[in-house]
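Single-structure report; data block below.
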Amino acid sequence: MIHKEKMTATIEGDFVIVLIGMRINQFWKIHKWLPIALAMGRMLKELYTHPELGFLSHEFGIGRSFLFVQYWRSLDQLIAYAKNPEAGHLPAWKDFYKRVGTDGSVGIWHETYAVPAGSYETVYTNMPPFGLGKAGKLEKAMGRRDSASGRLHH
């Protein structure tokens with residue numbers, strides 16, 4: 001559903017944003033990068049199937065680099081998932097170093113941001129639920145929420 005009006009997102013309490021990606025440095029080495037791409041799909045399926053792990057939502061972008069933006073309920077839940085040998089992440093991480101290591105064919109990266117409650121602002125116009133608006137709750141951007149400074153209480 002497209003929300004034609006100006007919307008903003010809210011989420012209760014602190015949350016975590018993870019940017020995670022893969023950059024294909026040598027396209028012809030499909031045997032190096034395709035297993036990594038497929039592993040992310042398996043992990044996302046696992047995370048959506050088990051909301052108790054703390055995963056809230058994700059977005060995806062593609063080009064030479066693949067970019068996933070993930071929203072998590074807490075840093076503790078993110079770390080617990082990443083270190084769990086029974087979950088999809090740790091085996092995929094080990095497989096990356098076994099297949100690719102530091103040969104330069106495929107780059108992987110992530111950045112993690114712990115966001116304190118109220119320390120963010122969002123705006124969406126002519127958009128379906130997206131980003132934090134999909135992970136949290138969408139509301140009309142009216143009154144003080146009509147501007148970025150108002151949404152940040154600045």
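By order of appearance in the structure tokens: chains A, B, ..., then residues from 1 within every chain, and ligands from 1 in the order shown.
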List as CSV every residue of stretch 87-122 of chain A that is in contact with stretch 4-26 of chain A, defined as an atom at most 8 Å from one of its atoms (using only C-alpha atoms), together with the nearest atom pair and the distance in Å rounded to one decimal, sorted by chain and then rising number.
```
residue,atom,partner,partner_atom,distance
A:Gly104,CA,A:Asn25,CA,6.9
A:Ser105,CA,A:Gln26,CA,5.0
A:Val106,CA,A:Ile24,CA,4.9
A:Gly107,CA,A:Arg23,CA,4.8
A:Ile108,CA,A:Met22,CA,4.3
A:Trp109,CA,A:Gly21,CA,5.4
A:His110,CA,A:Ile20,CA,4.1
A:Glu111,CA,A:Leu19,CA,5.1
A:Thr112,CA,A:Val18,CA,4.4
A:Tyr113,CA,A:Ile17,CA,5.2
A:Ala114,CA,A:Val16,CA,4.5
A:Val115,CA,A:Phe15,CA,5.4
A:Pro116,CA,A:Asp14,CA,4.6
A:Ala117,CA,A:Asp14,CA,4.4
A:Gly118,CA,A:Gly13,CA,7.7
A:Glu121,CA,A:Thr8,CA,7.6
A:Thr122,CA,A:Thr8,CA,5.3
```
Okay, now the selection with C-alpha atoms, as a compact mmCIF listing (two decimals), in the first residue's frame?
```txt
# COMPACT_ATOMS: atom_id res chain seq x y z
CA GLY A 104 40.31 -10.24 -3.08
CA SER A 105 37.51 -11.74 -5.22
CA VAL A 106 34.62 -10.76 -2.95
CA GLY A 107 34.46 -8.13 -0.24
CA ILE A 108 32.11 -8.29 2.73
CA TRP A 109 31.46 -5.62 5.30
CA HIS A 110 29.08 -4.51 8.00
CA GLU A 111 28.44 -1.49 10.19
CA THR A 112 26.33 -1.63 13.34
CA TYR A 113 24.60 1.34 14.95
CA ALA A 114 22.92 1.18 18.35
CA VAL A 115 20.21 3.84 18.24
CA PRO A 116 18.99 5.26 21.56
CA ALA A 117 15.25 5.86 21.86
CA GLY A 118 14.22 9.10 20.17
CA GLU A 121 14.03 10.87 12.43
CA THR A 122 12.39 9.55 9.30
```
Non-local contacts of stretch 87-89 of chain A (9 Å; only C-alpha atoms; under 6 positions in same chain excluded) as a ChimeraX atom specification: /A:39-40,42-44,46,81
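For the pair atom CA of A:Lys140 and atom CA of A:Pro128, the interatomic distance is 13.1 Å.
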Identify, with DSSP run on backbone atoms, the residues in stretch 18-152 of chain A assigned to strand (DSSP E), and express the list as a PyMOL selection string. chain A and resi 18-24+55-62+65-72+106-115+137-140
Selected residues written out, C-alpha atoms, as a PDB file, in the first residue's frame:
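Once written, again-v3.pdb looks like this:
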```pdb
ATOM      1  CA  VAL A  18      23.012  -3.073  10.747  1.00  0.00           C
ATOM      2  CA  LEU A  19      24.293  -2.247   7.290  1.00  0.00           C
ATOM      3  CA  ILE A  20      25.720  -5.405   5.780  1.00  0.00           C
ATOM      4  CA  GLY A  21      26.959  -5.968   2.319  1.00  0.00           C
ATOM      5  CA  MET A  22      29.002  -7.784  -0.249  1.00  0.00           C
ATOM      6  CA  ARG A  23      31.016  -6.242  -3.080  1.00  0.00           C
ATOM      7  CA  ILE A  24      31.827  -8.347  -6.113  1.00  0.00           C
ATOM      8  CA  PHE A  55      15.182  -9.244  14.014  1.00  0.00           C
ATOM      9  CA  LEU A  56      12.544  -6.710  12.950  1.00  0.00           C
ATOM     10  CA  SER A  57      12.883  -6.082   9.225  1.00  0.00           C
ATOM     11  CA  HIS A  58      15.260  -5.440   6.332  1.00  0.00           C
ATOM     12  CA  GLU A  59      15.684  -3.592   3.038  1.00  0.00           C
ATOM     13  CA  PHE A  60      17.872  -4.591   0.091  1.00  0.00           C
ATOM     14  CA  GLY A  61      19.766  -2.754  -2.654  1.00  0.00           C
ATOM     15  CA  ILE A  62      21.844  -4.121  -5.520  1.00  0.00           C
ATOM     16  CA  SER A  65      27.576  -4.145  -4.237  1.00  0.00           C
ATOM     17  CA  PHE A  66      24.727  -5.851  -2.441  1.00  0.00           C
ATOM     18  CA  LEU A  67      23.456  -3.855   0.538  1.00  0.00           C
ATOM     19  CA  PHE A  68      21.135  -5.028   3.277  1.00  0.00           C
ATOM     20  CA  VAL A  69      19.806  -2.667   5.932  1.00  0.00           C
ATOM     21  CA  GLN A  70      18.600  -4.661   8.923  1.00  0.00           C
ATOM     22  CA  TYR A  71      16.603  -3.493  11.932  1.00  0.00           C
ATOM     23  CA  TRP A  72      17.026  -5.326  15.233  1.00  0.00           C
ATOM     24  CA  VAL A 106      34.621 -10.761  -2.945  1.00  0.00           C
ATOM     25  CA  GLY A 107      34.457  -8.129  -0.237  1.00  0.00           C
ATOM     26  CA  ILE A 108      32.108  -8.294   2.725  1.00  0.00           C
ATOM     27  CA  TRP A 109      31.457  -5.621   5.302  1.00  0.00           C
ATOM     28  CA  HIS A 110      29.076  -4.508   7.995  1.00  0.00           C
ATOM     29  CA  GLU A 111      28.444  -1.494  10.188  1.00  0.00           C
ATOM     30  CA  THR A 112      26.326  -1.632  13.335  1.00  0.00           C
ATOM     31  CA  TYR A 113      24.602   1.340  14.948  1.00  0.00           C
ATOM     32  CA  ALA A 114      22.923   1.178  18.349  1.00  0.00           C
ATOM     33  CA  VAL A 115      20.209   3.844  18.240  1.00  0.00           C
ATOM     34  CA  LYS A 137       5.069   2.017  13.143  1.00  0.00           C
ATOM     35  CA  LEU A 138       4.103   4.563  10.484  1.00  0.00           C
ATOM     36  CA  GLU A 139       2.307   7.746  11.524  1.00  0.00           C
ATOM     37  CA  LYS A 140       1.279  10.899   9.666  1.00  0.00           C
TER      38      LYS A 140
END
```
For A:Leu78, which of A:Ala92, A:Val100, A:Leu47, A:Ile2 is the closest residue, counting only C-alpha atoms? A:Leu47
To one decimal place, how far is atom CA of A:Ala135 from atom CA of A:Gly54 in Å?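 Value for the atom CA of A:Ala135-atom CA of A:Gly54 distance: 11.0 Å.
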State, in Å with one decimal place, the distance from atom CA of A:Asn126 to atom CA of A:His3. 5.3 Å
Selected residue, from A:Pro91, A:Ala80, A:Pro85, A:Ala141, that lies nearest to A:Thr125 when counting only C-alpha atoms: A:Ala141
Identify all residues of stretch 74-124 of chain A in alpha helix (DSSP H) (DSSP on the backbone) and supply them as a PyMOL selection string. chain A and resi 75-83+89-99
Could you turn the residues from that selection into a file that holds C-alpha atoms, as a short mmCIF file (atom, residue, chain, number, x, y, z; two decimals), in the first residue's frame?
```
data_model
loop_
_atom_site.label_atom_id
_atom_site.label_comp_id
_atom_site.auth_asym_id
_atom_site.auth_seq_id
_atom_site.Cartn_x
_atom_site.Cartn_y
_atom_site.Cartn_z
CA LEU A 75 22.36 -5.29 20.30
CA ASP A 76 22.30 -8.28 22.68
CA GLN A 77 19.91 -10.16 20.36
CA LEU A 78 22.00 -9.32 17.29
CA ILE A 79 25.20 -10.57 18.93
CA ALA A 80 23.50 -13.69 20.27
CA TYR A 81 22.33 -14.54 16.75
CA ALA A 82 25.74 -13.82 15.20
CA LYS A 83 27.53 -16.10 17.68
CA HIS A 89 25.26 -16.64 10.41
CA LEU A 90 28.26 -18.34 12.00
CA PRO A 91 28.44 -21.23 9.49
CA ALA A 92 28.10 -18.73 6.61
CA TRP A 93 30.90 -16.58 8.07
CA LYS A 94 33.19 -19.60 8.41
CA ASP A 95 32.31 -20.72 4.88
CA PHE A 96 33.24 -17.28 3.52
CA TYR A 97 36.71 -17.50 5.03
CA LYS A 98 37.11 -21.05 3.75
CA ARG A 99 35.99 -20.22 0.17
#
```
Of the candidates A:Ile30, A:Val123, A:Leu53, A:Leu38, which one gets nearest to A:Asp146 if we count only C-alpha atoms?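 Using only C-alpha atoms, A:Asp146 sits closest to A:Val123.
In terms of minimum interatomic distance to A:Ser119, A:Leu152 ranks closest within A:Arg145, A:Leu152, A:Gly101, A:Arg64, counting only C-alpha atoms.
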